[in-house]
>>> print(open('coords_19.cif').read())   # mmCIF, C-alpha atoms (C1' of nucleotides)
data_coords
loop_
_atom_site.label_atom_id
_atom_site.label_comp_id
_atom_site.auth_asym_id
_atom_site.auth_seq_id
_atom_site.Cartn_x
_atom_site.Cartn_y
_atom_site.Cartn_z
CA MET P 10 -66.26 61.70 11.00
CA PHE P 11 -64.08 62.14 8.00
CA GLU P 12 -60.95 61.37 10.04
CA LEU P 13 -62.56 58.01 10.57
CA PHE P 14 -62.87 57.42 6.84
CA MET P 15 -59.32 58.66 6.39
CA ALA P 16 -58.05 56.05 8.80
CA LEU P 17 -59.98 53.28 7.11
CA ALA P 18 -59.17 54.37 3.56
CA GLU P 19 -55.98 52.36 3.46
CA PRO P 20 -55.98 48.66 2.67
CA ASN P 21 -53.56 47.60 5.39
CA ARG P 22 -55.30 49.59 8.08
CA LEU P 23 -58.62 48.20 7.04
CA GLN P 24 -57.18 44.72 7.31
CA ILE P 25 -55.81 45.52 10.74
CA VAL P 26 -59.25 46.55 11.89
CA GLU P 27 -60.78 43.42 10.46
CA LEU P 28 -58.11 41.39 12.20
CA LEU P 29 -58.64 43.04 15.56
CA VAL P 30 -62.35 42.39 15.63
CA ASN P 31 -61.58 38.79 16.47
CA GLU P 32 -59.02 39.29 19.18
CA PRO P 33 -56.50 41.82 20.48
CA CYS P 34 -53.07 41.44 18.90
CA THR P 35 -49.52 42.61 19.40
CA VAL P 36 -47.68 44.56 16.74
CA LEU P 37 -45.69 41.59 15.57
CA ASP P 38 -48.79 39.42 15.46
CA ILE P 39 -50.36 41.87 13.10
CA ALA P 40 -47.22 42.34 11.05
CA ASP P 41 -46.81 38.61 10.62
CA ARG P 42 -50.37 37.91 9.67
CA LEU P 43 -50.58 40.73 7.16
CA SER P 44 -47.02 40.34 5.89
CA LEU P 45 -46.07 43.85 6.87
CA ARG P 46 -42.86 45.19 8.32
CA GLN P 47 -42.95 46.07 11.96
CA THR P 48 -42.31 49.74 11.29
CA GLN P 49 -45.21 50.10 8.88
CA THR P 50 -47.43 48.26 11.26
CA SER P 51 -46.51 50.64 14.05
CA LYS P 52 -47.18 53.61 11.82
CA HIS P 53 -50.56 52.31 10.75
CA LEU P 54 -51.46 51.52 14.31
CA ARG P 55 -50.56 55.04 15.26
CA VAL P 56 -52.97 56.40 12.70
CA LEU P 57 -55.67 54.07 13.91
CA ARG P 58 -54.94 55.03 17.50
CA GLU P 59 -55.10 58.74 16.77
CA ALA P 60 -58.36 58.16 14.96
CA GLY P 61 -59.64 56.49 18.09
CA LEU P 62 -60.20 53.19 16.35
CA VAL P 63 -57.85 51.11 18.46
CA SER P 64 -56.51 51.26 21.99
CA VAL P 65 -53.28 49.93 23.47
CA GLU P 66 -52.66 47.99 26.60
CA VAL P 67 -49.03 47.78 27.64
CA ALA P 68 -48.10 44.27 28.75
CA GLY P 69 -44.43 44.07 29.58
CA GLN P 70 -42.45 44.53 26.43
CA HIS P 71 -45.50 43.75 24.33
CA ARG P 72 -48.35 46.06 23.49
CA ARG P 73 -51.72 44.62 22.96
CA TYR P 74 -53.86 46.49 20.46
CA SER P 75 -57.59 46.07 20.51
CA LEU P 76 -60.46 47.51 18.59
CA GLU P 77 -62.21 50.51 20.08
CA PRO P 78 -65.94 50.15 19.38
CA LYS P 79 -66.75 53.76 20.14
CA ARG P 80 -65.71 55.22 16.81
CA LEU P 81 -67.28 52.41 14.86
CA LYS P 82 -70.46 53.13 16.73
CA GLU P 83 -70.20 56.71 15.51
CA LEU P 84 -69.97 55.39 11.99
CA ASP P 85 -73.05 53.36 12.65
CA ASN P 86 -74.86 56.42 13.94
CA TRP P 87 -73.78 58.34 10.87
CA LEU P 88 -75.32 55.68 8.68
CA VAL P 89 -78.68 56.05 10.37
CA LYS P 90 -79.42 59.06 8.20
CA TYR P 91 -79.03 56.92 5.09
CA ARG P 92 -80.74 53.69 6.03
CA ARG P 93 -84.14 54.84 4.96
CA LEU P 94 -82.78 55.06 1.44
CA TRP P 95 -82.55 51.34 1.03
CA ASP P 96 -84.61 49.83 3.70
CA ASP P 97 -87.85 50.70 5.32
CA ARG P 98 -87.31 48.02 7.91
CA PHE P 99 -85.75 50.52 10.24
CA GLU P 100 -88.82 52.63 10.57
CA GLN P 101 -90.56 49.43 11.45
CA PHE P 102 -87.82 48.68 13.93
CA ASP P 103 -88.46 51.96 15.61
CA ARG P 104 -92.13 51.24 15.94
CA VAL P 105 -91.57 47.70 17.10
CA ILE P 106 -88.99 48.71 19.66
CA ALA P 107 -91.21 51.44 20.95
CA ASP P 108 -93.89 48.83 21.43
CA ILE P 109 -91.51 46.51 23.20
CA ASN P 110 -90.35 49.19 25.54
CA HIS P 111 -93.92 50.09 26.27
CA GLN P 112 -94.87 46.52 27.03
CA GLU P 113 -91.81 45.89 29.12
CA ASN P 114 -92.27 48.99 31.16
CA GLN P 115 -95.61 47.58 32.04
CA ASN P 116 -95.02 43.87 32.33
CA ASP P 117 -91.44 42.81 32.48
CA SER P 118 -89.28 45.22 34.40
CA LYS P 119 -86.55 42.62 34.99
CA SER P 120 -85.29 42.52 31.39
CA LYS P 121 -82.80 45.22 30.76
CA GLN P 122 -83.97 48.49 29.40
CA ARG P 123 -83.43 49.13 25.68
CA LYS P 124 -82.71 52.79 25.41
CA ARG P 125 -82.62 54.61 22.10
CA GLU P 126 -80.02 57.31 22.10
CA LYS P 127 -81.05 60.24 19.93
CA MET R 4 -64.94 48.13 0.50
CA PHE R 5 -61.86 50.21 0.93
CA GLU R 6 -62.59 52.13 -2.29
CA LEU R 7 -65.70 53.23 -0.49
CA PHE R 8 -63.70 54.62 2.41
CA MET R 9 -61.33 56.23 -0.06
CA ALA R 10 -64.17 58.09 -1.69
CA LEU R 11 -65.53 59.28 1.63
CA ALA R 12 -62.15 60.17 3.09
CA GLU R 13 -62.24 63.66 1.67
CA PRO R 14 -64.10 66.47 3.39
CA ASN R 15 -65.75 67.91 0.29
CA ARG R 16 -66.89 64.55 -0.99
CA LEU R 17 -68.29 63.68 2.38
CA GLN R 18 -70.20 66.93 2.36
CA ILE R 19 -71.50 66.19 -1.11
CA VAL R 20 -72.83 62.87 0.09
CA GLU R 21 -74.45 64.50 3.08
CA LEU R 22 -75.97 67.06 0.78
CA LEU R 23 -77.35 64.53 -1.63
CA VAL R 24 -79.15 62.53 1.00
CA ASN R 25 -81.77 65.27 1.09
CA GLU R 26 -82.34 65.72 -2.60
CA PRO R 27 -80.68 65.19 -5.96
CA CYS R 28 -78.64 68.20 -7.08
CA THR R 29 -76.96 69.53 -10.17
CA VAL R 30 -73.25 70.21 -10.25
CA LEU R 31 -73.66 73.94 -9.83
CA ASP R 32 -76.10 73.45 -6.99
CA ILE R 33 -73.49 71.49 -5.14
CA ALA R 34 -70.68 73.85 -6.04
CA ASP R 35 -72.67 76.83 -4.80
CA ARG R 36 -73.75 75.29 -1.55
CA LEU R 37 -70.32 74.01 -0.65
CA SER R 38 -68.43 77.02 -2.06
CA LEU R 39 -66.46 74.90 -4.49
CA ARG R 40 -65.43 75.61 -8.05
CA GLN R 41 -67.37 73.80 -10.70
CA THR R 42 -64.32 71.90 -11.90
CA GLN R 43 -63.48 70.53 -8.47
CA THR R 44 -67.07 69.59 -7.95
CA SER R 45 -67.10 67.68 -11.21
CA LYS R 46 -63.91 65.94 -10.24
CA HIS R 47 -65.20 64.92 -6.85
CA LEU R 48 -68.44 63.75 -8.36
CA ARG R 49 -66.48 61.61 -10.73
CA VAL R 50 -64.73 59.91 -7.84
CA LEU R 51 -68.02 59.37 -6.08
CA ARG R 52 -69.55 58.04 -9.26
CA GLU R 53 -66.70 55.61 -9.87
CA ALA R 54 -67.04 54.47 -6.29
CA GLY R 55 -70.68 53.79 -7.01
CA LEU R 56 -71.86 56.26 -4.40
CA VAL R 57 -73.78 58.55 -6.71
CA SER R 58 -75.58 58.19 -10.00
CA VAL R 59 -76.29 60.74 -12.71
CA GLU R 60 -79.46 61.48 -14.57
CA VAL R 61 -79.02 63.65 -17.64
CA ALA R 62 -81.69 66.33 -17.80
CA GLY R 63 -81.11 68.61 -20.74
CA GLN R 64 -77.93 70.51 -20.19
CA HIS R 65 -78.11 69.77 -16.48
CA ARG R 66 -77.07 66.59 -14.78
CA ARG R 67 -78.83 65.59 -11.68
CA TYR R 68 -76.69 63.68 -9.21
CA SER R 69 -78.34 61.54 -6.62
CA LEU R 70 -77.14 59.28 -3.89
CA GLU R 71 -76.81 55.60 -4.68
CA PRO R 72 -77.92 53.63 -1.64
CA LYS R 73 -76.36 50.38 -2.77
CA ARG R 74 -72.81 51.13 -1.68
CA LEU R 75 -73.91 52.66 1.57
CA LYS R 76 -75.83 49.51 2.20
CA GLU R 77 -72.60 47.60 1.71
CA LEU R 78 -71.03 49.78 4.35
CA ASP R 79 -73.92 48.95 6.60
CA ASN R 80 -73.42 45.27 5.96
CA TRP R 81 -69.74 45.62 6.71
CA LEU R 82 -70.57 47.14 10.05
CA VAL R 83 -72.68 44.16 11.02
CA LYS R 84 -69.54 42.30 12.04
CA TYR R 85 -68.74 45.01 14.55
CA ARG R 86 -72.10 45.81 16.06
CA ARG R 87 -71.90 43.13 18.65
CA LEU R 88 -68.95 44.99 20.10
CA TRP R 89 -71.12 47.76 21.40
CA ASP R 90 -74.66 46.62 21.24
CA ASP R 91 -76.54 43.41 21.62
CA ARG R 92 -79.78 45.03 20.56
CA PHE R 93 -79.30 43.95 16.98
CA GLU R 94 -79.50 40.28 17.66
CA GLN R 95 -82.74 41.01 19.37
CA PHE R 96 -83.87 43.01 16.36
CA ASP R 97 -83.25 40.08 14.11
CA ARG R 98 -85.27 37.78 16.27
CA VAL R 99 -88.11 40.24 16.56
CA ILE R 100 -88.23 40.85 12.83
CA ALA R 101 -88.12 37.18 12.09
CA ASP R 102 -91.16 36.83 14.29
CA ILE R 103 -92.92 39.65 12.54
CA ASN R 104 -92.24 38.23 9.12
CA HIS R 105 -93.49 34.89 10.24
CA GLN R 106 -96.70 36.36 11.58
CA GLU R 107 -97.27 38.49 8.52
CA ASN R 108 -96.69 35.68 6.09
CA GLN R 109 -99.48 33.91 7.85
CA ASN R 110 -101.93 36.68 8.58
CA ASP R 111 -101.36 39.78 6.57
CA SER R 112 -100.32 39.04 3.04
CA LYS R 113 -101.37 42.48 1.80
CA SER R 114 -98.49 44.33 3.51
CA LYS R 115 -95.48 44.38 1.31
CA GLN R 116 -92.97 41.63 1.65
CA ARG R 117 -89.82 42.42 3.61
CA LYS R 118 -87.07 40.45 1.99
CA ARG R 119 -83.67 39.88 3.53
CA GLU R 120 -81.05 39.69 0.84
CA LYS R 121 -78.06 37.70 1.98
"C1'" DC I 11 -25.08 46.09 33.76
"C1'" DA I 12 -25.23 43.86 29.07
"C1'" DG I 13 -27.60 41.97 25.46
"C1'" DG I 14 -31.79 40.79 23.14
"C1'" DC I 15 -36.42 41.46 21.87
"C1'" DA I 16 -40.67 44.44 21.02
"C1'" DT I 17 -42.02 48.73 19.65
"C1'" DA I 18 -41.69 53.53 18.23
"C1'" DT I 19 -39.69 57.30 15.68
"C1'" DA I 20 -36.86 59.86 12.15
"C1'" DT I 21 -35.39 60.50 7.53
"C1'" DC I 22 -35.50 59.95 2.71
"C1'" DC I 23 -37.83 58.85 -1.51
"C1'" DA I 24 -41.55 58.23 -4.79
"C1'" DC I 25 -46.14 58.55 -6.05
"C1'" DG I 26 -50.86 59.89 -6.01
"C1'" DA I 27 -54.30 63.15 -5.22
"C1'" DG I 28 -56.38 67.71 -4.69
"C1'" DG I 29 -56.55 72.68 -6.15
"C1'" DG I 30 -56.22 76.15 -9.89
"C1'" DA I 31 -56.68 77.68 -14.50
"C1'" DA I 32 -57.47 76.83 -19.15
"C1'" DT I 33 -59.80 74.24 -22.39
"C1'" DA I 34 -63.03 70.87 -24.39
"C1'" DT I 35 -67.69 69.06 -25.04
"C1'" DA I 36 -72.42 69.41 -25.40
"C1'" DG I 37 -77.11 71.00 -25.00
"C1'" DG I 38 -80.43 75.02 -25.42
"C1'" DC I 39 -81.88 78.98 -27.69
"C1'" DA I 40 -81.84 83.21 -30.67
"C1'" DT X 12 -75.16 78.90 -37.35
"C1'" DG X 13 -73.47 81.21 -33.30
"C1'" DC X 14 -73.64 82.26 -28.49
"C1'" DC X 15 -74.56 81.07 -23.73
"C1'" DT X 16 -74.68 77.92 -20.10
"C1'" DA X 17 -73.63 73.49 -17.77
"C1'" DT X 18 -70.41 70.05 -17.25
"C1'" DA X 19 -66.13 67.36 -18.05
"C1'" DT X 20 -61.27 66.96 -18.88
"C1'" DT X 21 -56.40 68.21 -19.07
"C1'" DC X 22 -52.06 70.20 -17.48
"C1'" DC X 23 -49.30 71.82 -13.83
"C1'" DC X 24 -47.98 72.43 -9.15
"C1'" DT X 25 -47.85 71.25 -4.40
"C1'" DC X 26 -48.41 68.54 -0.45
"C1'" DG X 27 -49.39 64.52 2.15
"C1'" DT X 28 -48.60 59.86 2.87
"C1'" DG X 29 -46.97 55.11 2.46
"C1'" DG X 30 -42.74 52.24 2.02
"C1'" DA X 31 -37.86 51.35 3.18
"C1'" DT X 32 -34.02 51.83 6.12
"C1'" DA X 33 -31.73 53.19 10.15
"C1'" DT X 34 -32.00 54.38 14.73
"C1'" DA X 35 -34.00 55.17 19.33
"C1'" DT X 36 -36.59 53.68 23.45
"C1'" DG X 37 -37.90 50.54 26.76
"C1'" DC X 38 -38.56 46.18 29.06
"C1'" DC X 39 -37.02 41.66 30.34
"C1'" DT X 40 -33.43 38.23 31.55
"C1'" DG X 41 -29.09 36.51 32.70
#
>>> encode(input="coords_19.cif", output="structure tokens")
Amino acid sequence: MFELFMALAEPNRLQIVELLVNEPCTVLDIADRLSLRQTQTSKHLRVLREAGLVSVEVAGQHRRYSLEPKRLKELDNWLVKYRRLWDDRFEQFDRVIADINHQENQNDSKSKQRKREK
Amino acid sequence: MFELFMALAEPNRLQIVELLVNEPCTVLDIADRLSLRQTQTSKHLRVLREAGLVSVEVAGQHRRYSLEPKRLKELDNWLVKYRRLWDDRFEQFDRVIADINHQENQNDSKSKQRKREK
DNA sequence: CAGGCATATATCCACGAGGGAATATAGGCA
DNA sequence: TGCCTATATTCCCTCGTGGATATATGCCTG
């Protein structure tokens, strides 16, 4: 988990992540938009890749980097422990969702199942 | 936002945060439980404090550090942009909660108000 | 194959941050 | 007042990391 924070604890890398949420980009795309040199961009992308935050798709001489939701989902799961500190809505969510699942299991089996992972 | 990641991108500080979610602690409490020296603990707590992640309550010669939900809530808000990447449940949550609020505003004004801050 | 473009890697430098130890500050208590 | 305890701060050292530059790799096209 802390490797995740490490990767995001750098302004340029954070910007890269925020850029990639919109659309996959090539290295030069990113470098141009953030006014970085290509070499720095590659280095930052390497860190992000090793942290599992982005993935690469090779397309000819280009490489298309895109955001990897999996690790961000881990961050989200990590936050679960803390949500109750500021918001009791989530306990309510749990109850409500439990109700919904209950109802749907009875009435509406065509809508897709909402599973809670533990 | 990136100062937040900075503060959490250090194993000991991350552990301190995870420790404080359970209960407020004094400096020596934390130092003992995480096997740190008091001076390092103070230093880390200072970083966390300046990042707004913890707050101090002076209690005699002790100081009781507790977690400050506000910044973690900001992290949660930051994640909102990314949730759709892995999970469409949250849009549904919003709709459901909107419904609930609507109903409660009409029927059940004794239950405490659930406000959405923007 | 040669040359050009996209990307990655290596090397050097400078700076910031964490650990250790000593010290400072400050409250509690005899 | 003087000592003890809790906490904060300072100085020094070391190491990791980001930036810059140069170079390597690899693909595409003529």
>>> resolve_selection(input="coords_19.cif", expression="the PyMOL selection byres ((chain X and resi 41) around 12)", output="ChimeraX atom specification")
/I:11-14 /X:39-40
>>> closest_residue(input="coords_19.cif", among="X:DT34, X:DT18, X:DT12, X:DT25", to="Val61 in chain R", atoms="all atoms listed in the file")
X:DT18
>>> interface_residues(input="coords_19.cif", of="chain P", to="chain X", cutoff="10 Å", atoms="only C-alpha atoms (C1' of nucleotides)", output="PyMOL selection string")
chain P and resi 19+46+48-49+52-53+68-71
>>> closest_residue(input="coords_19.cif", among="P:Leu17, P:Val36, P:Leu28, P:Val65", to="chain I", atoms="only C-alpha atoms (C1' of nucleotides)")
P:Val36
>>> residues_around(input="coords_19.cif", residues="Leu29 in chain P", least_positions_apart="5", cutoff="7 Å", atoms="only C-alpha atoms (C1' of nucleotides)", output="PDB file with C-alpha atoms, in the frame of the given file")
ATOM      1  CA  CYS P  34     -53.070  41.440  18.900  1.00  0.00           C
ATOM      2  CA  SER P  75     -57.590  46.070  20.510  1.00  0.00           C
ATOM      3  CA  LEU P  76     -60.460  47.510  18.590  1.00  0.00           C
TER       4      LEU P  76
END
>>> interface_residues(input="coords_19.cif", of="chain P", to="chain R", cutoff="10 Å", atoms="only C-alpha atoms", output="PDB file with C-alpha atoms, in the coordinates of the input")
ATOM      1  CA  MET P  10     -66.260  61.700  11.000  1.00  0.00           C
ATOM      2  CA  PHE P  11     -64.080  62.140   8.000  1.00  0.00           C
ATOM      3  CA  GLU P  12     -60.950  61.370  10.040  1.00  0.00           C
ATOM      4  CA  LEU P  13     -62.560  58.010  10.570  1.00  0.00           C
ATOM      5  CA  PHE P  14     -62.870  57.420   6.840  1.00  0.00           C
ATOM      6  CA  MET P  15     -59.320  58.660   6.390  1.00  0.00           C
ATOM      7  CA  ALA P  16     -58.050  56.050   8.800  1.00  0.00           C
ATOM      8  CA  LEU P  17     -59.980  53.280   7.110  1.00  0.00           C
ATOM      9  CA  ALA P  18     -59.170  54.370   3.560  1.00  0.00           C
ATOM     10  CA  GLU P  19     -55.980  52.360   3.460  1.00  0.00           C
ATOM     11  CA  PRO P  20     -55.980  48.660   2.670  1.00  0.00           C
ATOM     12  CA  ASN P  21     -53.560  47.600   5.390  1.00  0.00           C
ATOM     13  CA  ARG P  22     -55.300  49.590   8.080  1.00  0.00           C
ATOM     14  CA  LEU P  23     -58.620  48.200   7.040  1.00  0.00           C
ATOM     15  CA  GLN P  24     -57.180  44.720   7.310  1.00  0.00           C
ATOM     16  CA  VAL P  26     -59.250  46.550  11.890  1.00  0.00           C
ATOM     17  CA  GLU P  27     -60.780  43.420  10.460  1.00  0.00           C
ATOM     18  CA  VAL P  30     -62.350  42.390  15.630  1.00  0.00           C
ATOM     19  CA  ASN P  31     -61.580  38.790  16.470  1.00  0.00           C
ATOM     20  CA  LEU P  76     -60.460  47.510  18.590  1.00  0.00           C
ATOM     21  CA  GLU P  77     -62.210  50.510  20.080  1.00  0.00           C
ATOM     22  CA  PRO P  78     -65.940  50.150  19.380  1.00  0.00           C
ATOM     23  CA  LYS P  79     -66.750  53.760  20.140  1.00  0.00           C
ATOM     24  CA  LEU P  81     -67.280  52.410  14.860  1.00  0.00           C
ATOM     25  CA  LYS P  82     -70.460  53.130  16.730  1.00  0.00           C
ATOM     26  CA  LEU P  84     -69.970  55.390  11.990  1.00  0.00           C
ATOM     27  CA  ASP P  85     -73.050  53.360  12.650  1.00  0.00           C
ATOM     28  CA  TRP P  87     -73.780  58.340  10.870  1.00  0.00           C
ATOM     29  CA  LEU P  88     -75.320  55.680   8.680  1.00  0.00           C
ATOM     30  CA  VAL P  89     -78.680  56.050  10.370  1.00  0.00           C
ATOM     31  CA  LYS P  90     -79.420  59.060   8.200  1.00  0.00           C
ATOM     32  CA  TYR P  91     -79.030  56.920   5.090  1.00  0.00           C
ATOM     33  CA  ARG P  92     -80.740  53.690   6.030  1.00  0.00           C
ATOM     34  CA  ARG P  93     -84.140  54.840   4.960  1.00  0.00           C
ATOM     35  CA  LEU P  94     -82.780  55.060   1.440  1.00  0.00           C
ATOM     36  CA  TRP P  95     -82.550  51.340   1.030  1.00  0.00           C
ATOM     37  CA  ASP P  96     -84.610  49.830   3.700  1.00  0.00           C
ATOM     38  CA  ASP P  97     -87.850  50.700   5.320  1.00  0.00           C
ATOM     39  CA  ARG P  98     -87.310  48.020   7.910  1.00  0.00           C
ATOM     40  CA  PHE P  99     -85.750  50.520  10.240  1.00  0.00           C
ATOM     41  CA  GLN P 101     -90.560  49.430  11.450  1.00  0.00           C
ATOM     42  CA  PHE P 102     -87.820  48.680  13.930  1.00  0.00           C
ATOM     43  CA  VAL P 105     -91.570  47.700  17.100  1.00  0.00           C
ATOM     44  CA  ILE P 106     -88.990  48.710  19.660  1.00  0.00           C
ATOM     45  CA  ILE P 109     -91.510  46.510  23.200  1.00  0.00           C
ATOM     46  CA  ARG P 123     -83.430  49.130  25.680  1.00  0.00           C
ATOM     47  CA  LYS P 124     -82.710  52.790  25.410  1.00  0.00           C
TER      48      LYS P 124
END
>>> interface_residues(input="coords_19.cif", of="chain I", to="chain R", cutoff="10 Å", atoms="all atoms listed in the file", output="list in words")
DG28, DG29, DG30, DA31, DA36, DG37 and DG38 of chain I
>>> atom_distance(input="coords_19.cif", atom1="CA of Ile39 in chain P", atom2="CA of Leu57 in chain P")
13.3 Å
>>> atom_distance(input="coords_19.cif", atom1="CA of Arg73 in chain P", atom2="C1' of DT17 in chain I")
11.0 Å
>>> atom_distance(input="coords_19.cif", atom1="CA of Arg55 in chain P", atom2="CA of Glu77 in chain R")
26.9 Å
